[in-house]
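Here's the structure we're looking at; comments come further down.
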Amino acid sequence: MHVISTVLGFISWNPEIRNVLSVLIGIIVLMGSVILIVSTNTGPRTGMLVGLACLFGWMTLMGTTWWIYGIGLKGTAPKWKVVEISYDLQQAAQPRARTLPELDDQAKVAEILASRSDLIKKVNPEGKDKVISISELVEADPSIEAQFGLSAKDLGGWHILVPSDKQRGDAQASADAVLGPDGKKIFADTTQYKVVEAFDTGGKQDAYPLPSNPQWYQRAFNRIETTFHISQPEHYAIVQVQAVIPQETPPGGTPPTPKFDTSQPVISVIMIRDVGNLRFPSFLFTFVCGTLFALTCWTLHRRDKLIALNRAAV
């Protein structure tokens with residue numbers, strides 16, 4: 001009795017052992033009860049095969065759902081991997097980064113607004129004190145890229161990422177992590193700097209480009225073509241930030257608009273896209289379960305054929 005009470009106390013104390021035992025008991029009860037009922041009509045061997053075939057079939061369907069939607073058994077999600085922090089792109093170690101020409105962001109904004117004053121209302125409808133960026137103007141009117149030399153052809157193959165672009169948000173989050181106190185400790189927090197611009201180049205958009213003004217079938221074919229390419233072309237991104245002038249917020253007042261400190265250098269965070277393996281574990285799970293499902297079904301089929309052959313011989 002003392003040994004039994006000790007074992008029960010150990011199991012109840014350790015939550016990992018208790019959870020593992022709960023799952024095992026649940027599997028044994030649920031699967032065992034079904035196999036037992038089937039075995040009473042078909043025999044133990046056939047009942048076991050039928051139960052396993054049903055189990056592996058269901059797990060194959062579940063794994064397929066995980067595989068399609070990227071849920072359940074997941075691997076590493078795609079992310080931007082920081083490879084370098086540069087204070088001068090022309091001296092960067094990454095050759096691809098050196099192809100991006102240096103832009104005087106605020107000077108180019110002033111040039112654009114001098115001839116396109118109508119854009120001010122689009123990017124700053126409330127008329128607040130706001131620092132406008134090139135990417136905001138491009139988002140308001142994409143035609144200014146070609147008009148003011150901001151297209152990929154003019155920027156060495158780099159594309160301007162507008163603020164609403166999801167890739168920019170992901171890249172900026174990675175840049176914030178590496179620049180902050182948990183990374184390279186260049187800044188104490190995100191209030192000490194402001195994003196100047198963000199760019200990207202490469203990836204499937206450059207490797208398999210769409211024609212100008214594509215038709216729906218061209219978009220569909222491009223989507224299918226890029227989906228079945230196993231290798232991922234190198235995809236780079238650069239997020240440029242600059243320190244802001246320290247300003248105090250008055251008690252109870254609104255925080256002042258951040259202003260770039262032009263005496264500080266523009267810091268370029270160079271990143272490469274890591275596509276990860278989000279769906280690979282679920283694909284492997286589906287493949288293994290599907291193989292076992294096919295094997296059990298084939299065994300049942302062979303067993304039925306053998307029984308039929310023996311009955312015909314009687």
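Ordering of the structure tokens sets the chain letters (A, B, ...); residue numbers start at 1 within each chain; ligands are numbered from 1 in the order shown.
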
Within region 100-288 of chain A, find each residue whose DSSP state, derived from the backbone, is strand (DSSP E), and express the selection as a list in words.
His159, Ile160, Tyr193, Lys194, Val195, Val196, Glu197, Ala198, Phe199, Asp200, Thr201, Gly202, His235, Tyr236, Ala237, Ile238, Val239, Gln240, Val241, Gln242, Ala243, Ile267, Ser268, Val269, Ile270, Met271, Ile272, Arg273 and Asp274 of chain A

Would you give me, as JSON lines, each residue of region 212-238 of chain A having an atom within 7 Å of an atom of region 269-272 of chain A, along with its shortest atom pair and that distance in Å to one decimal, using only C-alpha atoms and sorting by chain and residue number?
{"residue": "A:His235", "atom": "CA", "partner": "A:Ile272", "partner_atom": "CA", "distance": 5.7}
{"residue": "A:Tyr236", "atom": "CA", "partner": "A:Ile272", "partner_atom": "CA", "distance": 4.5}
{"residue": "A:Ala237", "atom": "CA", "partner": "A:Met271", "partner_atom": "CA", "distance": 5.2}
{"residue": "A:Ile238", "atom": "CA", "partner": "A:Ile270", "partner_atom": "CA", "distance": 4.7}

Could you pull the residues within 12 Å of Lys185 (chain A), counting only C-alpha atoms, minus those fewer than 6 positions along the same chain, as a list of chain:residue names?
A:Ala175, A:Asp176, A:Ala177, A:Val178, A:Leu179, A:Gln192

Writing out the chosen residues with N, CA, C and O atoms as a compact mmCIF listing (two decimals), in the first residue's frame:
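Here's the written file result_33.txt:
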# COMPACT_ATOMS: atom_id res chain seq x y z
N ALA A 175 13.60 44.91 -37.71
CA ALA A 175 14.58 45.98 -37.49
C ALA A 175 14.46 46.55 -36.08
O ALA A 175 15.47 46.81 -35.42
N ASP A 176 13.23 46.74 -35.59
CA ASP A 176 13.04 47.24 -34.23
C ASP A 176 13.67 46.30 -33.20
O ASP A 176 14.26 46.74 -32.21
N ALA A 177 13.52 44.99 -33.45
CA ALA A 177 14.06 44.01 -32.49
C ALA A 177 15.58 44.06 -32.42
O ALA A 177 16.17 43.95 -31.34
N VAL A 178 16.23 44.23 -33.57
CA VAL A 178 17.70 44.20 -33.58
C VAL A 178 18.30 45.54 -33.14
O VAL A 178 19.42 45.59 -32.61
N LEU A 179 17.56 46.63 -33.31
CA LEU A 179 18.09 47.94 -32.92
C LEU A 179 17.86 48.25 -31.45
O LEU A 179 18.56 49.09 -30.88
N GLN A 192 13.19 56.70 -29.93
CA GLN A 192 14.42 57.45 -30.17
C GLN A 192 14.79 57.53 -31.65
O GLN A 192 15.77 58.19 -31.99

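By only C-alpha atoms, and with residues fewer than 2 positions from region 158-166 of chain A along its chain excluded, the set lying at most 9 Å from it is Thr99, Leu100, Ile134, Ser135, Glu136, Leu137, Val138, Glu139, Glu145, Leu150, Ser151, Ala152, Lys153, Asp154, Leu155, Gly156, Arg168, Gly169, Asp170, Ala171, Glu197, Ala198, Phe199, Asp200, Thr201, Gly202 and Ala237 of chain A.
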
Write out as number ranges by chain each polymer residue whose atoms come within 12 Å of region 291-303 of chain A, counting only C-alpha atoms; drop sequence neighbours fewer than 2 positions from it.
A: 42, 45-61, 284-289, 305-310

Keeping N, CA and C atoms for every residue in the selection just given, could you write it to a file as a CSV table (one decimal), in the first residue's frame?
chain,number,residue,atom,x,y,z
A,42,THR,N,-15.5,-9.3,-36.4
A,42,THR,CA,-14.6,-9.6,-37.5
A,42,THR,C,-13.4,-10.4,-37.1
A,45,ARG,N,-7.6,-9.8,-35.4
A,45,ARG,CA,-6.7,-9.3,-36.4
A,45,ARG,C,-7.4,-8.3,-37.3
A,46,THR,N,-8.5,-8.8,-37.9
A,46,THR,CA,-9.2,-7.9,-38.8
A,46,THR,C,-9.7,-6.6,-38.1
A,47,GLY,N,-10.2,-6.8,-36.8
A,47,GLY,CA,-10.7,-5.7,-36.1
A,47,GLY,C,-9.6,-4.7,-35.8
A,48,MET,N,-8.4,-5.2,-35.5
A,48,MET,CA,-7.2,-4.3,-35.3
A,48,MET,C,-6.9,-3.5,-36.6
A,49,LEU,N,-6.9,-4.2,-37.7
A,49,LEU,CA,-6.6,-3.6,-39.0
A,49,LEU,C,-7.6,-2.5,-39.4
A,50,VAL,N,-8.9,-2.8,-39.2
A,50,VAL,CA,-10.0,-1.9,-39.5
A,50,VAL,C,-9.8,-0.7,-38.6
A,51,GLY,N,-9.6,-0.9,-37.3
A,51,GLY,CA,-9.4,0.3,-36.4
A,51,GLY,C,-8.2,1.1,-36.8
A,52,LEU,N,-7.1,0.5,-37.1
A,52,LEU,CA,-5.9,1.3,-37.5
A,52,LEU,C,-6.1,2.0,-38.8
A,53,ALA,N,-6.8,1.4,-39.8
A,53,ALA,CA,-7.1,2.0,-41.1
A,53,ALA,C,-8.0,3.3,-40.9
A,54,CYS,N,-9.0,3.1,-40.0
A,54,CYS,CA,-9.8,4.3,-39.7
A,54,CYS,C,-9.0,5.4,-39.0
A,55,LEU,N,-8.2,5.0,-38.1
A,55,LEU,CA,-7.4,6.0,-37.4
A,55,LEU,C,-6.4,6.7,-38.3
A,56,PHE,N,-5.7,6.0,-39.1
A,56,PHE,CA,-4.7,6.6,-40.0
A,56,PHE,C,-5.4,7.4,-41.1
A,57,GLY,N,-6.6,7.0,-41.6
A,57,GLY,CA,-7.4,7.8,-42.5
A,57,GLY,C,-7.8,9.1,-42.0
A,58,TRP,N,-8.3,9.1,-40.7
A,58,TRP,CA,-8.7,10.3,-40.1
A,58,TRP,C,-7.5,11.2,-39.9
A,59,MET,N,-6.3,10.7,-39.4
A,59,MET,CA,-5.1,11.5,-39.2
A,59,MET,C,-4.6,12.0,-40.5
A,60,THR,N,-4.8,11.3,-41.6
A,60,THR,CA,-4.3,11.8,-42.9
A,60,THR,C,-5.2,13.0,-43.3
A,61,LEU,N,-6.5,13.0,-43.1
A,61,LEU,CA,-7.4,14.1,-43.4
A,61,LEU,C,-7.0,15.3,-42.5
A,284,LEU,N,5.0,16.2,-43.6
A,284,LEU,CA,5.6,14.9,-43.2
A,284,LEU,C,4.6,14.0,-42.4
A,285,PHE,N,3.8,14.7,-41.5
A,285,PHE,CA,2.8,13.9,-40.7
A,285,PHE,C,1.8,13.3,-41.7
A,286,THR,N,1.3,14.1,-42.7
A,286,THR,CA,0.3,13.6,-43.6
A,286,THR,C,0.9,12.5,-44.5
A,287,PHE,N,2.1,12.6,-44.9
A,287,PHE,CA,2.8,11.6,-45.7
A,287,PHE,C,2.9,10.3,-45.0
A,288,VAL,N,3.3,10.3,-43.7
A,288,VAL,CA,3.5,9.1,-42.9
A,288,VAL,C,2.2,8.5,-42.7
A,289,CYS,N,1.2,9.3,-42.2
A,289,CYS,CA,-0.2,8.7,-41.9
A,289,CYS,C,-0.8,8.2,-43.2
A,305,LYS,N,-9.1,-11.0,-50.2
A,305,LYS,CA,-8.8,-11.8,-51.4
A,305,LYS,C,-8.4,-13.2,-51.0
A,306,LEU,N,-7.6,-13.3,-49.9
A,306,LEU,CA,-7.2,-14.6,-49.5
A,306,LEU,C,-8.4,-15.4,-48.9
A,307,ILE,N,-9.2,-14.7,-48.1
A,307,ILE,CA,-10.4,-15.4,-47.6
A,307,ILE,C,-11.3,-15.9,-48.7
A,308,ALA,N,-11.5,-15.0,-49.7
A,308,ALA,CA,-12.4,-15.4,-50.8
A,308,ALA,C,-11.8,-16.6,-51.6
A,309,LEU,N,-10.5,-16.6,-51.7
A,309,LEU,CA,-9.8,-17.7,-52.4
A,309,LEU,C,-10.0,-19.0,-51.7
A,310,ASN,N,-9.8,-18.9,-50.4
A,310,ASN,CA,-10.0,-20.1,-49.5
A,310,ASN,C,-11.4,-20.7,-49.5

Would you kindly return, as a tab-separated table (two decimals) with all heavy atoms, in the first residue's frame, each protein, DNA or RNA residue with an atom no farther than 7 Å from any atom of Ser268 (chain A), considering only C-alpha atoms and excluding same-chain residues fewer than 6 positions away?
chain	number	residue	atom	x	y	z
A	85	ILE	N	24.00	45.52	-40.26
A	85	ILE	CA	23.58	46.88	-39.95
A	85	ILE	C	24.66	47.81	-40.48
A	85	ILE	O	25.83	47.72	-40.08
A	85	ILE	CB	23.39	47.08	-38.43
A	85	ILE	CG1	22.27	46.17	-37.91
A	85	ILE	CG2	23.06	48.53	-38.11
A	85	ILE	CD1	22.07	46.24	-36.42
A	86	SER	N	24.28	48.68	-41.40
A	86	SER	CA	25.26	49.51	-42.08
A	86	SER	C	24.96	51.00	-41.87
A	86	SER	O	23.80	51.41	-41.89
A	86	SER	CB	25.26	49.20	-43.59
A	86	SER	OG	26.13	50.06	-44.30
A	87	TYR	N	26.03	51.76	-41.67
A	87	TYR	CA	25.92	53.21	-41.57
A	87	TYR	C	26.24	53.89	-42.89
A	87	TYR	O	26.09	55.10	-43.01
A	87	TYR	CB	26.86	53.74	-40.48
A	87	TYR	CG	26.43	53.36	-39.07
A	87	TYR	CD1	26.75	52.12	-38.54
A	87	TYR	CD2	25.67	54.22	-38.29
A	87	TYR	CE1	26.36	51.74	-37.27
A	87	TYR	CE2	25.26	53.87	-37.01
A	87	TYR	CZ	25.61	52.63	-36.51
A	87	TYR	OH	25.22	52.27	-35.24
A	238	ILE	N	15.66	46.34	-46.95
A	238	ILE	CA	16.45	47.32	-46.20
A	238	ILE	C	15.48	48.28	-45.53
A	238	ILE	O	14.62	48.87	-46.19
A	238	ILE	CB	17.42	48.09	-47.10
A	238	ILE	CG1	18.51	47.16	-47.64
A	238	ILE	CG2	18.06	49.25	-46.34
A	238	ILE	CD1	19.51	47.85	-48.56
A	239	VAL	N	15.61	48.42	-44.23
A	239	VAL	CA	14.84	49.40	-43.47
A	239	VAL	C	15.83	50.46	-42.98
A	239	VAL	O	16.79	50.13	-42.28
A	239	VAL	CB	14.11	48.76	-42.28
A	239	VAL	CG1	13.42	49.82	-41.44
A	239	VAL	CG2	13.09	47.74	-42.77
A	240	GLN	N	15.60	51.70	-43.39
A	240	GLN	CA	16.48	52.79	-43.00
A	240	GLN	C	15.83	53.62	-41.90
A	240	GLN	O	14.67	54.02	-42.02
A	240	GLN	CB	16.80	53.68	-44.21
A	240	GLN	CG	17.58	52.94	-45.29
A	240	GLN	CD	17.93	53.84	-46.47
A	240	GLN	OE1	17.16	54.72	-46.86
A	240	GLN	NE2	19.11	53.62	-47.06
A	241	VAL	N	16.58	53.85	-40.83
A	241	VAL	CA	16.08	54.63	-39.70
A	241	VAL	C	17.08	55.73	-39.38
A	241	VAL	O	18.26	55.65	-39.74
A	241	VAL	CB	15.85	53.74	-38.46
A	241	VAL	CG1	14.92	52.59	-38.76
A	241	VAL	CG2	17.17	53.20	-37.91

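With distances restricted to only C-alpha atoms, A:Ser174 is the closest residue to Pro78 (chain A) from A:Thr249, A:Thr226, A:Ser174, A:Gln205.
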
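Of the residues under consideration (A:Gly75, A:Pro44, A:Pro256, A:Gly32), A:Gly75 shows the shortest atom-to-atom contact distance to Leu278 (chain A) when counting only C-alpha atoms.
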
Could you pull the residues within 12 Å of Gly276 (chain A), counting only C-alpha atoms, minus those fewer than 5 positions along the same chain, as an mmCIF file with C-alpha atoms, in the first residue's frame?
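Final file, part16.cif:
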data_model
loop_
_atom_site.group_PDB
_atom_site.id
_atom_site.type_symbol
_atom_site.label_atom_id
_atom_site.label_comp_id
_atom_site.auth_asym_id
_atom_site.auth_seq_id
_atom_site.Cartn_x
_atom_site.Cartn_y
_atom_site.Cartn_z
ATOM 1 C CA GLY A 70 -0.500 26.118 -42.050
ATOM 2 C CA LYS A 74 3.746 23.857 -37.464
ATOM 3 C CA GLY A 75 7.394 24.499 -38.211
ATOM 4 C CA THR A 76 9.291 27.779 -38.392
ATOM 5 C CA ALA A 77 7.271 30.680 -39.805
ATOM 6 C CA PRO A 78 8.732 32.900 -42.573
ATOM 7 C CA LYS A 79 10.635 35.878 -41.204
ATOM 8 C CA TRP A 80 13.144 38.558 -42.077
ATOM 9 C CA LYS A 81 16.646 37.635 -40.906
ATOM 10 C CA GLN A 232 12.965 30.507 -53.352
ATOM 11 C CA PRO A 281 6.026 19.073 -40.295
#
